[in-house]
Amino acid sequence: MLAFLIRRIAEALVVMVVVAFFAFSMFRFMGDPVANMMGPDATIADREAMTKRLGLDQPFPVQFAAFLGNVAEGDFGVSFRVGRPVIDLVKERLPATLELALISGLFALVGGIGLGVYTALRRDGLLSRAIMAISLIGVSLPTFLIGIALIYLFAVELRWLPSFGRGETVRIGGWTTGFLTGSGLASLVLPSITLGLFQMTLIMRLVRSEMLEVLRTDYIRFARARGLTTRAIHFGHALKNTLVPVITVTGLQLGSIVAFAIITETVFQWPGVGSLFISSVQAVDVPVMATYLLFVAGFFVFVNLVVDLLYFAVDPRLRSATTGGH
Amino acid sequence: SDPADAKPFRWARGQDAPTLDPHTENSNQVFGLLHQIYEPLIHRDQDGKIVPALALSWGLLPTDAKTWQFKLRPGVKFHSGDAFSADDVVFSLKRAMDPLAGVRTTLAGVIDVVKVDDLTVHVKTQEPMPLLVNQLTNIFMMSQKWAEANKVTRPQDFKNKEETFAVRNANGTGPYILVSREPDSKTVMKLNEGYWGKGQFPLQATEVVYSVITSAPTRIAALLSGELDFVQDMPVQDIDRVAQTANLKVNTGPEVRSIFYGLNAGDPELASSDVKGKNPFADKRVRKAIEMAINREAIQKVVMGGQSAPSGTLIPPGVNGYSKELDQYPKWDIAKAKALMAEAGYAGGFGVKLNCPNNRYINDEKICQATVGFLGQIGIKVTLDARPMAQHTPTILKNETDFYMLGWGVASFDAAYTLDSIYHSRDKVYGAYNATRVVEPDWDKKMEALGTETDTAKRDKLLAEILAHVKDEALFIPIHNQLLAWGMKKGIEVKVQPENQLYVKYVKID
Amino acid sequence: MTIDRNAPPLLRVEDLARVFDVSKPWLARMIEREPRRFVKAVDGVSFSIAKGETFALVGESGSGKSTIARMVVGLIRPTRGRILFDNVDIADPGRTADVARLRRRFQMIFQDPFASLNPRFRVDAIIAEPLTAFGLMSDRAEIEARVADLLKLVRLDPADGRKYPHEFSGGQRQRIAIARALAANPEFIVCDEPTSALDVSVQAQVLNLMRDLQDEFGLTYLLITHNLAVVRHMADDVGVLYLGRLAEVAPTEELFARPRHPYTRMLLDAVPDLRPGGRPRRAITGEIPNPIDPPPGCTFHPRCPLADDRCRREAPGYTRDGGARVACHAVEEGRTETAPPAAFALA
Amino acid sequence: MAAADAVRAGRLRRALDSDLFYSFRRSPLTVVAAVVVLVIGLAALLAPWIAPTDPFDPSSLDLMDGKTPPLKPNEFTGHTFLLGTDDQGRDVFSAILYGARISLLVGFASVVVSMAIGIALGLLAGYRGGWVDSVIMRVADVQLTFPDLLVALMIFGIARGALPIAAQEHMAIPVLILSIGIAKWPQYARTVRGVTMVERGKDYVQAARVVGLPAGKIMRRHILPNVLGPVLVIATLGLSLAIITEATLSFLGVGVPPTSPSLGTLLRIGQEYIASGEWWILFFPAIALVAIALSVNLLGDWLRDALNPRLR
Amino acid sequence: MTEPLLSVRDLTVQFPTRRGLLTAVDRLSFDLAPGEVLGLVGESGAGKSMTGSAIIGLLEPPGRIAGGEIRLKGERIDNLPAEAMRRIRGRRIGMIFQDPLTSLNPLIRIGDQLVETIVTHTDRTPWEAKLHAASLLEAVGIPAARARIDSYPHEFSGGMRQRVVIALALAADPELIIADEPTTALDVSVQAQIIAVLKDLCRDKGTAVILITHDMGVIAETADRVAVLYAGRLAEIGPVADVISRPHHPYTRGLMGSIPSLDGGRDRLEQIPGSMPRLSHIPPGCAFNPRCLQAFARCVAERPPAYRADASEAACFLLDPAMSPAEAAR
Ligand SMILES: Nc1ncnc2c1ncn2[C@@H]1O[C@H](COP(=O)(O)OP(=O)(O)OP(=O)(O)O)[C@@H](O)[C@H]1O
Ligand SMILES: Nc1ncnc2c1ncn2[C@@H]1O[C@H](COP(=O)(O)OP(=O)(O)OP(=O)(O)O)[C@@H](O)[C@H]1O
Ligand SMILES: [Mg+2]
Ligand SMILES: [Mg+2]
């Protein structure tokens, strides 16, 4: 267990450095931050001075090493665009993204598992066939289109829900939450659906096929032969076993929710780290972009770690495999 | 209407001001937001006319062509309650001239600012500066006391890795007081009850909620759904829909911004062309042919949905140097253009790459696409490289483009502002955006002379001469001047300002 | 059929051993302060098979039967010991060239006829694979003729070659597997539980076929099984394997007439007798121990009715007794008759 | 000749008689999906011959045709277009055909890229085991810990900067293919490795080893065909994902040049018109994209169930 | 004779497949007395498992009972509604499957699986059920049952798991246990132990057993009567000693002959030529006729009914008392 954790953390560090490296080599081609920071009438001398001040005149390896060194000390630099420490920006934006990710993750998970179980148990039912077919639309349309379409339907035509932003938020310590106000909750609905739809479809299909397989296993047959109730068989036995493989995939999917939030946040003007990233890309705000990518990698690694631990908790076979026995 | 009624004004733009520090950045977004909170000495009103703000009157000292005197408005208070005085003006102008200040180029040439008495300030310039007043309309006045108390006596320095107080806090003399700010998302301001202009301006909005919505369809959706009262950056294609919506309307007006192409006529060979050993753009006939092949009216009608004014010069109307005659553009004539191409020895055409931004000007990428089609008809095979502005600008600044789109707003409302940056050959001070690689030392001198010539008539003549030359050379192919479209609820009354800046104090709400 | 008992053995296995490393990953071991763990799947096994004979290996699951088979045919390398085929050590890594040549002469038949035939290949392609792989034939017509011959040899219709394995029953598939094994004219065939997946009626067909082929071509078999009745019908000599070691090696007749090792007896007693009122079957006590840490001394002692202190301490060497070789202190000491039958009963 | 024909006819008959085809015929939705894919695929393939105009040739476009509604004559030029035109005067119908061509090309090719990498590495890892396996799977894990979309963005960004400016124009599509392809290989590698490890242990592979077949040949002849089933399933579902990823990348501003738009680029352009009344600029390309992705997904779905013996 | 515990009459199980209707069990009839052990033998695919599944009502779709009836103590159970049938399963009829490695849910503790079964079918509280579970584990010979009740299945060896499976099947004291090849997946050395446990427990509780296997050795020492299936049909049924030593049906005879024995020596085994027909291609008449050395015209034309022969019954025209000696001679 401990060995596993150590390995995972070591892996995570490697991932982060690799990501940082790729990110950094990419940023060199994203444009010139100075051109963006200076007004159109800035002279060439001004521009050169600014380039120097930002350390952008240094060769790539020097810049990269400096960045890594600073990050190791917890310093993620200062945003070129808004002149604030990146870490503050991220901290300020993180609650929005995490709340959105949480809700859409829950939506994907609850909806996915629920519908997956339903369609597996009523395999040949008309409704479950319809759900299966319709759900595919969720993975057949790009997220940005789904978002825009939802806005037009629910905000413009029906006027039920807000079209942008987070609504009223409440500040609790360093965290701003939209969970405590009506407008905050209403604002969460459309972005969460947009962001979670894709994952929900995947989870649902996965749950369905896993469940169908589990329902054919010998231990389910044996459970039936023991006369257990259908409820106990479906939910006590089958669902539990279905979830084991589902957990891994779900972990990966939930991790990518944060990445896909870029698009959803842009469409809904959600003030999270994803829209921060997009603004930063436009302004070639290298420190913010690099930090964002590190953050996503870190989040992903974290989610995967949690998933693996969950795996241990759910499946006793794994537990004893690491603690010995034969 | 009863002024006691609380009237929120919900306003959205496509991009936020990155900072609230009035001197760090020279950008339309910063000025657009800060004009509600801070004020300059001199204002450009909703029509673009120069009007007094914190300075009541100004003028050159009769004795000294290099010293301007400003008489300040008495009785003005900052939001913090401190009184506004000459000390603050001296402090603010000097702060704006700091090497760290993004706005310092506007004050290039100013050498000193002196307090004469509490309500009089002198500004001394190196050379005579006839246009100084034009340059001051976006230089905001800060409170020296507040700045000192909050350690923001200098603009943001990226070297020290801390946030300065002025980035997210503001203390101006303006009509609205900052209440809260979530960068890139929402900024709330409330009416300044102690504003000096009370009674002079409508000041009807009691609260201003300024939202940023990057995605254009979402922005329009929010207006359509009633979540917004006012959208400043209207996508052209939605104007009709909004205008036809029952309780919405669209106000339009000219912006002081020209869109044009630049051609690399100075290099011996075009890096992106298949023609080797010579530069087709060096041939004036080719440049003229290009000018003639572009159907500006079609661009106006189809791409811009009518929201542009086709142009023949780099200078928009309203700017010093503009004339109707200069603005004539050649008739769209493919046959003639082809003939010119043949005459120049390029009957078979040639290939070249066009660099274009895709997120800066109204429908920039689409205009470029249309241009690719037009030039294709006279045999020029254009490959389009459309990128975000952040990547586009360096190609110009580093001379990596042969054919580029550029838009230029005229902050000082004088043509010299444009010419200095895009036509003067490149050196440490001038020509940063000139990628034509053409060097004409005589004309450079003439342009430099514009900066110091105080005799208006003489200066105008010189300007006209230079502009005529630019037009004749066709190093630049003007396309059009942008029109601005502001969408709003019916019942709101405001004129479109040519700098694309909204002063909420002028807004009337029914 | 006559067997020349003095002929030099075709296959001689000397002190063969194979250890599997089943340790956890390095990091886990470091943290949990665990030593490496090994399974001695085969531990010092020696036997020899004369040409034309059948040698049977019997034993419980996990006793190392398959591991021996896989070493003999070269699927895995032995940790120790020699495998002499026609006096060439085929386990010697220095002689790969010779081994490659010898390969053709030995083949293998697997337990599960459903898994040992690639479901995506036609039967004729399956049978022809050794021909092309060993470079014996390349002419299509020649190959086709050979495949047809082989199919006839295993009592199948040559037209069946066009079919896929799933179109055959289990017994037929095992015959196809035999045809494949015979394709390259081998002299020696390792049969790893060739009939344990088949019904008795089909088993009879396959075993009879194997016998016929042996008679016809003088084949030599290494037969692996856990079914003593099958051994009785097929083998000349038997080796009884327990936890990777040979407990007893003896000619078949002798082994069944006079089992010496207590484990051999236990196995024999556990075989049910079909005759009504026949010898009562006795269940074997206990289960095979975990091979990762086998019991000290004689590994059979926890289940042995004859075990004493010495057995618990000291691993037995081999005692020759008639035609048999037995690894048992009790046999060596002659205390074999003391076992009360009650000791076999289920605890 | 006749014999060969007979064999072929026999093969066709067997194919038509197979369980796969049987389950195909029994699922009307799948048949419809197959027809849609076939029709769109063919139309895209034959676009230069079917399409009324060449939307990729800007000089042939008349800007004045711009924003013409479907089946209504243009107010200036009087031209009429089946599905209308976009803001550049591009015939939407032709643009969809040509755009589908690019989208399908990018989709197919990127799937082939990830499949090729994934199968090769997966087979190697699964068959060889040991440190080869560890190294390959760690790399895959590392990449899996980072979202596809961002991987593709990064590779695209790097390629764009690394390539000489002159080459970028022609390289846009290959770079896109590589970016998406590389972003998605680990999934294939994992699956292939799993199947390989199972198959490697099966007796028929052991039998092939006893026969002396070299490892490469065993992987190719014996293991590869078994791997193809599950890989094919991932590939079909991956195809639609790749098409969507291409569209999303184009929304984020990287992708094919706007003068030769893919379906994704058409959507990006069209989404600006969602409220403007020029609905056809978005609607038809969106329908085309959904039709392709949906049908391919349905096919993948069916394939997964049909190839899974346990679900039959 | 007392009322049979189980009475199967003309049971027919069919699978509609794309190549037509497949009859896996064809008009099978037999009775089972309380406490009796009936062996069900036959080749793979003969229909043994389908018979068992049909009795306990667990045929996997598309399989279905197409005819005949099954009575438990006189009450018809083949057409019960799902819920009523569920109450019978486990409570009155238990089942043991072949593979103990897969019969237990790997994620649920042994004890919990037992408790759940007991609570479903009896009035015991979970606490009482747990005590009962421990005693059941003890009864099937699991040492230190109390300590191991919280173990997961993977912590047990194959033999112990099969003991747990037996405990589960017996948890609610059913009247009938159907054991479908309960030892095939186990090591030879453990097989005898498991059979012994099963036999002892059922004898103690008076439970009747249908023991499905193809191991005649197991049948010989365990069963009272044995039924031989061939291609879904009953070939022969009778007391175990009779069927083994005096088989009447030619198939049974062949089957018995092909079993190698310990005393057989190194000689050839008897063998039945050919193989069992696929169920979709059963020849007309007697299903065994293509392989039968004694077949005659009638065997191809007509399906033989069961004839009495000694204590057994066998479906073979050779046993038809009305058959002419001439025909029999051929
Ligand atoms: N590749 C391997 N890695 C680790 N252990 C192995 C490996 N192969 C075999 N073993 C171990 O070696 C021992 C002997 O295995 P082997 O397969 O030879 O037994 P067997 O007698 O053939 O059993 P069965 O009758 O079940 O086939 C077992 O304990 C097994 O777990
Ligand atoms: N789902 C199914 N679809 C079609 N046929 C089936 C299905 N399940 C079983 N059968 C057929 O039913 C017949 C009887 O099968 P059954 O499992 O009862 O045989 P068995 O005697 O138990 O064999 P074994 O000894 O292999 O377990 C077999 O021939 C099989 O092909
Ligand atoms: Mg084995
Ligand atoms: Mg069965």
# chains A, B, ... in the order shown; residues from 1 in each chain; ligands from 1
$ residues_near_ligand --ligand "ligand 1" --cutoff "9 Å" --atoms "only C-alpha atoms and all ligand atoms" --output "PDB file with N, CA, C and O atoms, in the first residue's frame"
ATOM      1  N   ARG C  18      13.269 -26.159 -11.658  1.00  0.00           N
ATOM      2  CA  ARG C  18      12.824 -24.858 -12.155  1.00  0.00           C
ATOM      3  C   ARG C  18      12.267 -24.063 -10.982  1.00  0.00           C
ATOM      4  O   ARG C  18      11.382 -24.553 -10.261  1.00  0.00           O
ATOM      5  N   VAL C  19      12.792 -22.875 -10.816  1.00  0.00           N
ATOM      6  CA  VAL C  19      12.350 -22.009  -9.740  1.00  0.00           C
ATOM      7  C   VAL C  19      11.676 -20.790 -10.369  1.00  0.00           C
ATOM      8  O   VAL C  19      12.213 -20.191 -11.302  1.00  0.00           O
ATOM      9  N   PHE C  20      10.490 -20.463  -9.892  1.00  0.00           N
ATOM     10  CA  PHE C  20       9.825 -19.241 -10.364  1.00  0.00           C
ATOM     11  C   PHE C  20       9.961 -18.159  -9.307  1.00  0.00           C
ATOM     12  O   PHE C  20       9.757 -18.426  -8.122  1.00  0.00           O
ATOM     13  N   ASP C  21      10.285 -16.977  -9.778  1.00  0.00           N
ATOM     14  CA  ASP C  21      10.375 -15.849  -8.856  1.00  0.00           C
ATOM     15  C   ASP C  21       8.988 -15.204  -8.761  1.00  0.00           C
ATOM     16  O   ASP C  21       8.475 -14.665  -9.726  1.00  0.00           O
ATOM     17  N   VAL C  22       8.363 -15.318  -7.597  1.00  0.00           N
ATOM     18  CA  VAL C  22       7.024 -14.720  -7.453  1.00  0.00           C
ATOM     19  C   VAL C  22       7.082 -13.562  -6.460  1.00  0.00           C
ATOM     20  O   VAL C  22       6.107 -13.240  -5.800  1.00  0.00           O
ATOM     21  N   PHE C  38      10.183 -17.488  -3.802  1.00  0.00           N
ATOM     22  CA  PHE C  38      10.363 -18.358  -4.955  1.00  0.00           C
ATOM     23  C   PHE C  38       9.449 -19.558  -4.858  1.00  0.00           C
ATOM     24  O   PHE C  38       9.140 -20.018  -3.769  1.00  0.00           O
ATOM     25  N   VAL C  39       9.033 -20.051  -6.005  1.00  0.00           N
ATOM     26  CA  VAL C  39       8.338 -21.327  -6.046  1.00  0.00           C
ATOM     27  C   VAL C  39       9.267 -22.320  -6.695  1.00  0.00           C
ATOM     28  O   VAL C  39       9.705 -22.111  -7.829  1.00  0.00           O
ATOM     29  N   LYS C  40       9.587 -23.376  -5.951  1.00  0.00           N
ATOM     30  CA  LYS C  40      10.368 -24.435  -6.585  1.00  0.00           C
ATOM     31  C   LYS C  40       9.376 -25.364  -7.253  1.00  0.00           C
ATOM     32  O   LYS C  40       8.925 -26.344  -6.657  1.00  0.00           O
ATOM     33  N   ALA C  41       9.006 -25.054  -8.480  1.00  0.00           N
ATOM     34  CA  ALA C  41       7.960 -25.820  -9.155  1.00  0.00           C
ATOM     35  C   ALA C  41       8.450 -27.217  -9.463  1.00  0.00           C
ATOM     36  O   ALA C  41       7.699 -28.184  -9.378  1.00  0.00           O
ATOM     37  N   VAL C  42       9.709 -27.332  -9.842  1.00  0.00           N
ATOM     38  CA  VAL C  42      10.309 -28.639 -10.100  1.00  0.00           C
ATOM     39  C   VAL C  42      11.648 -28.615  -9.387  1.00  0.00           C
ATOM     40  O   VAL C  42      12.381 -27.640  -9.470  1.00  0.00           O
ATOM     41  N   VAL C  58       2.442 -38.618 -12.881  1.00  0.00           N
ATOM     42  CA  VAL C  58       1.168 -38.339 -12.221  1.00  0.00           C
ATOM     43  C   VAL C  58       1.412 -37.476 -10.999  1.00  0.00           C
ATOM     44  O   VAL C  58       2.514 -37.420 -10.467  1.00  0.00           O
ATOM     45  N   GLY C  59       0.373 -36.831 -10.576  1.00  0.00           N
ATOM     46  CA  GLY C  59       0.504 -35.977  -9.392  1.00  0.00           C
ATOM     47  C   GLY C  59      -0.647 -35.018  -9.320  1.00  0.00           C
ATOM     48  O   GLY C  59      -1.381 -34.806 -10.287  1.00  0.00           O
ATOM     49  N   GLU C  60      -0.803 -34.437  -8.126  1.00  0.00           N
ATOM     50  CA  GLU C  60      -1.893 -33.487  -7.934  1.00  0.00           C
ATOM     51  C   GLU C  60      -1.619 -32.207  -8.703  1.00  0.00           C
ATOM     52  O   GLU C  60      -0.519 -31.952  -9.173  1.00  0.00           O
ATOM     53  N   SER C  61      -2.621 -31.378  -8.717  1.00  0.00           N
ATOM     54  CA  SER C  61      -2.460 -30.079  -9.349  1.00  0.00           C
ATOM     55  C   SER C  61      -1.363 -29.299  -8.631  1.00  0.00           C
ATOM     56  O   SER C  61      -1.288 -29.318  -7.406  1.00  0.00           O
ATOM     57  N   GLY C  62      -0.511 -28.664  -9.401  1.00  0.00           N
ATOM     58  CA  GLY C  62       0.542 -27.852  -8.807  1.00  0.00           C
ATOM     59  C   GLY C  62       1.770 -28.628  -8.438  1.00  0.00           C
ATOM     60  O   GLY C  62       2.706 -28.093  -7.868  1.00  0.00           O
ATOM     61  N   SER C  63       1.812 -29.915  -8.786  1.00  0.00           N
ATOM     62  CA  SER C  63       2.973 -30.694  -8.405  1.00  0.00           C
ATOM     63  C   SER C  63       4.131 -30.495  -9.387  1.00  0.00           C
ATOM     64  O   SER C  63       5.229 -30.963  -9.123  1.00  0.00           O
ATOM     65  N   GLY C  64       3.883 -29.806 -10.499  1.00  0.00           N
ATOM     66  CA  GLY C  64       4.995 -29.489 -11.399  1.00  0.00           C
ATOM     67  C   GLY C  64       5.007 -30.291 -12.688  1.00  0.00           C
ATOM     68  O   GLY C  64       5.965 -30.231 -13.443  1.00  0.00           O
ATOM     69  N   LYS C  65       3.929 -30.993 -12.967  1.00  0.00           N
ATOM     70  CA  LYS C  65       3.881 -31.824 -14.168  1.00  0.00           C
ATOM     71  C   LYS C  65       4.040 -30.991 -15.431  1.00  0.00           C
ATOM     72  O   LYS C  65       4.895 -31.256 -16.276  1.00  0.00           O
ATOM     73  N   SER C  66       3.214 -29.958 -15.525  1.00  0.00           N
ATOM     74  CA  SER C  66       3.255 -29.147 -16.737  1.00  0.00           C
ATOM     75  C   SER C  66       4.583 -28.420 -16.866  1.00  0.00           C
ATOM     76  O   SER C  66       5.076 -28.222 -17.970  1.00  0.00           O
ATOM     77  N   THR C  67       5.141 -28.035 -15.746  1.00  0.00           N
ATOM     78  CA  THR C  67       6.414 -27.327 -15.808  1.00  0.00           C
ATOM     79  C   THR C  67       7.484 -28.225 -16.418  1.00  0.00           C
ATOM     80  O   THR C  67       8.281 -27.793 -17.248  1.00  0.00           O
ATOM     81  N   ILE C  68       7.484 -29.473 -16.031  1.00  0.00           N
ATOM     82  CA  ILE C  68       8.442 -30.411 -16.633  1.00  0.00           C
ATOM     83  C   ILE C  68       8.192 -30.516 -18.128  1.00  0.00           C
ATOM     84  O   ILE C  68       9.110 -30.421 -18.937  1.00  0.00           O
ATOM     85  N   ALA C  69       6.924 -30.662 -18.492  1.00  0.00           N
ATOM     86  CA  ALA C  69       6.592 -30.799 -19.908  1.00  0.00           C
ATOM     87  C   ALA C  69       7.088 -29.581 -20.685  1.00  0.00           C
ATOM     88  O   ALA C  69       7.688 -29.703 -21.755  1.00  0.00           O
ATOM     89  N   ARG C  70       6.848 -28.411 -20.127  1.00  0.00           N
ATOM     90  CA  ARG C  70       7.221 -27.197 -20.850  1.00  0.00           C
ATOM     91  C   ARG C  70       8.728 -27.028 -20.944  1.00  0.00           C
ATOM     92  O   ARG C  70       9.243 -26.484 -21.916  1.00  0.00           O
ATOM     93  N   ILE C  76      10.063 -23.241 -21.632  1.00  0.00           N
ATOM     94  CA  ILE C  76      10.758 -22.478 -20.602  1.00  0.00           C
ATOM     95  C   ILE C  76      12.103 -23.143 -20.325  1.00  0.00           C
ATOM     96  O   ILE C  76      12.289 -24.332 -20.602  1.00  0.00           O
ATOM     97  N   GLN C 111      -3.592 -30.108 -23.163  1.00  0.00           N
ATOM     98  CA  GLN C 111      -4.762 -30.616 -22.452  1.00  0.00           C
ATOM     99  C   GLN C 111      -6.084 -30.249 -23.116  1.00  0.00           C
ATOM    100  O   GLN C 111      -6.928 -31.087 -23.369  1.00  0.00           O
ATOM    101  N   ASP C 192       0.431 -33.419 -22.476  1.00  0.00           N
ATOM    102  CA  ASP C 192       0.074 -32.851 -21.179  1.00  0.00           C
ATOM    103  C   ASP C 192      -1.420 -32.998 -20.967  1.00  0.00           C
ATOM    104  O   ASP C 192      -2.210 -32.233 -21.493  1.00  0.00           O
ATOM    105  N   GLU C 193      -1.803 -33.992 -20.195  1.00  0.00           N
ATOM    106  CA  GLU C 193      -3.208 -34.277 -19.905  1.00  0.00           C
ATOM    107  C   GLU C 193      -4.054 -34.271 -21.184  1.00  0.00           C
ATOM    108  O   GLU C 193      -4.978 -33.491 -21.316  1.00  0.00           O
ATOM    109  N   ILE C 224       1.426 -36.984 -19.368  1.00  0.00           N
ATOM    110  CA  ILE C 224       1.148 -36.329 -18.096  1.00  0.00           C
ATOM    111  C   ILE C 224      -0.327 -36.433 -17.803  1.00  0.00           C
ATOM    112  O   ILE C 224      -1.160 -36.162 -18.681  1.00  0.00           O
ATOM    113  N   THR C 225      -0.660 -36.865 -16.603  1.00  0.00           N
ATOM    114  CA  THR C 225      -2.074 -37.047 -16.298  1.00  0.00           C
ATOM    115  C   THR C 225      -2.250 -37.069 -14.796  1.00  0.00           C
ATOM    116  O   THR C 225      -1.287 -37.135 -14.043  1.00  0.00           O
ATOM    117  N   HIS C 226      -3.480 -36.927 -14.347  1.00  0.00           N
ATOM    118  CA  HIS C 226      -3.711 -37.172 -12.934  1.00  0.00           C
ATOM    119  C   HIS C 226      -4.603 -38.395 -12.749  1.00  0.00           C
ATOM    120  O   HIS C 226      -5.042 -38.681 -11.663  1.00  0.00           O
ATOM    121  N   LEU C 241       4.746 -37.580  -8.887  1.00  0.00           N
ATOM    122  CA  LEU C 241       5.322 -36.289  -8.571  1.00  0.00           C
ATOM    123  C   LEU C 241       4.589 -35.696  -7.377  1.00  0.00           C
ATOM    124  O   LEU C 241       3.360 -35.724  -7.309  1.00  0.00           O
ATOM    125  N   TYR C 242       5.363 -35.177  -6.419  1.00  0.00           N
ATOM    126  CA  TYR C 242       4.728 -34.472  -5.309  1.00  0.00           C
ATOM    127  C   TYR C 242       5.522 -33.210  -5.016  1.00  0.00           C
ATOM    128  O   TYR C 242       6.724 -33.278  -4.714  1.00  0.00           O
ATOM    129  N   LEU C 243       4.887 -32.059  -5.120  1.00  0.00           N
ATOM    130  CA  LEU C 243       5.530 -30.770  -4.883  1.00  0.00           C
ATOM    131  C   LEU C 243       6.881 -30.649  -5.581  1.00  0.00           C
ATOM    132  O   LEU C 243       7.866 -30.251  -4.989  1.00  0.00           O
ATOM    133  N   GLY C 244       6.895 -30.986  -6.860  1.00  0.00           N
ATOM    134  CA  GLY C 244       8.096 -30.767  -7.649  1.00  0.00           C
ATOM    135  C   GLY C 244       9.151 -31.864  -7.525  1.00  0.00           C
ATOM    136  O   GLY C 244      10.193 -31.777  -8.153  1.00  0.00           O
ATOM    137  N   ASN C 290       1.175 -25.025   0.292  1.00  0.00           N
ATOM    138  CA  ASN C 290       1.575 -23.883  -0.505  1.00  0.00           C
ATOM    139  C   ASN C 290       3.025 -24.053  -0.960  1.00  0.00           C
ATOM    140  O   ASN C 290       3.924 -24.170  -0.144  1.00  0.00           O
ATOM    141  N   PRO C 291       3.264 -24.099  -2.253  1.00  0.00           N
ATOM    142  CA  PRO C 291       4.626 -24.395  -2.718  1.00  0.00           C
ATOM    143  C   PRO C 291       5.607 -23.247  -2.434  1.00  0.00           C
ATOM    144  O   PRO C 291       6.806 -23.433  -2.598  1.00  0.00           O
ATOM    145  N   ILE C 292       5.121 -22.087  -2.016  1.00  0.00           N
ATOM    146  CA  ILE C 292       6.059 -20.988  -1.751  1.00  0.00           C
ATOM    147  C   ILE C 292       6.871 -21.274  -0.491  1.00  0.00           C
ATOM    148  O   ILE C 292       8.066 -21.069  -0.459  1.00  0.00           O
TER     149      ILE C 292
ATOM    150  N   ASP E 187      -9.260 -30.473  -7.724  1.00  0.00           N
ATOM    151  CA  ASP E 187      -8.153 -31.396  -7.814  1.00  0.00           C
ATOM    152  C   ASP E 187      -8.626 -32.799  -7.442  1.00  0.00           C
ATOM    153  O   ASP E 187      -9.476 -32.972  -6.575  1.00  0.00           O
TER     154      ASP E 187
END
$ select_by_dssp --residues "stretch 48-243 of chain B" --states "helix (DSSP H, G or I)" --output "MDAnalysis selection string"
chainID B and resid 86:96 104:107 132:138 144:149 165:167 216:224 236:243
$ interface_residues --of "chain E" --to "chain D" --cutoff "12 Å" --atoms "only C-alpha atoms" --output "JSON, numbers by chain"
{"E": [17, 18, 19, 60, 61, 62]}
$ closest_atom_pairs --of "chain C" --to "ligand 2" --cutoff "12 Å" --atoms "only C-alpha atoms and all ligand atoms" --output "CSV"
residue,atom,partner,partner_atom_place_in_ligand_line,distance
C:Ser169,CA,ligand 2,29 (O),11.0
C:Gly170,CA,ligand 2,26 (O),10.5
C:Ala197,CA,ligand 2,26 (O),9.9
C:Leu198,CA,ligand 2,26 (O),9.5
C:Asp199,CA,ligand 2,25 (O),8.2
C:Val200,CA,ligand 2,25 (O),11.2
$ residues_around --residues "D:Leu252" --least-positions-apart "6" --cutoff "12 Å" --atoms "only C-alpha atoms" --output "ChimeraX atom specification"
/A:142-144,260,262-264,266-267,275,277-279,281-282 /B:215,358-359,387-388 /D:149-150,152-153,156-157,245-246,264-265,267-269
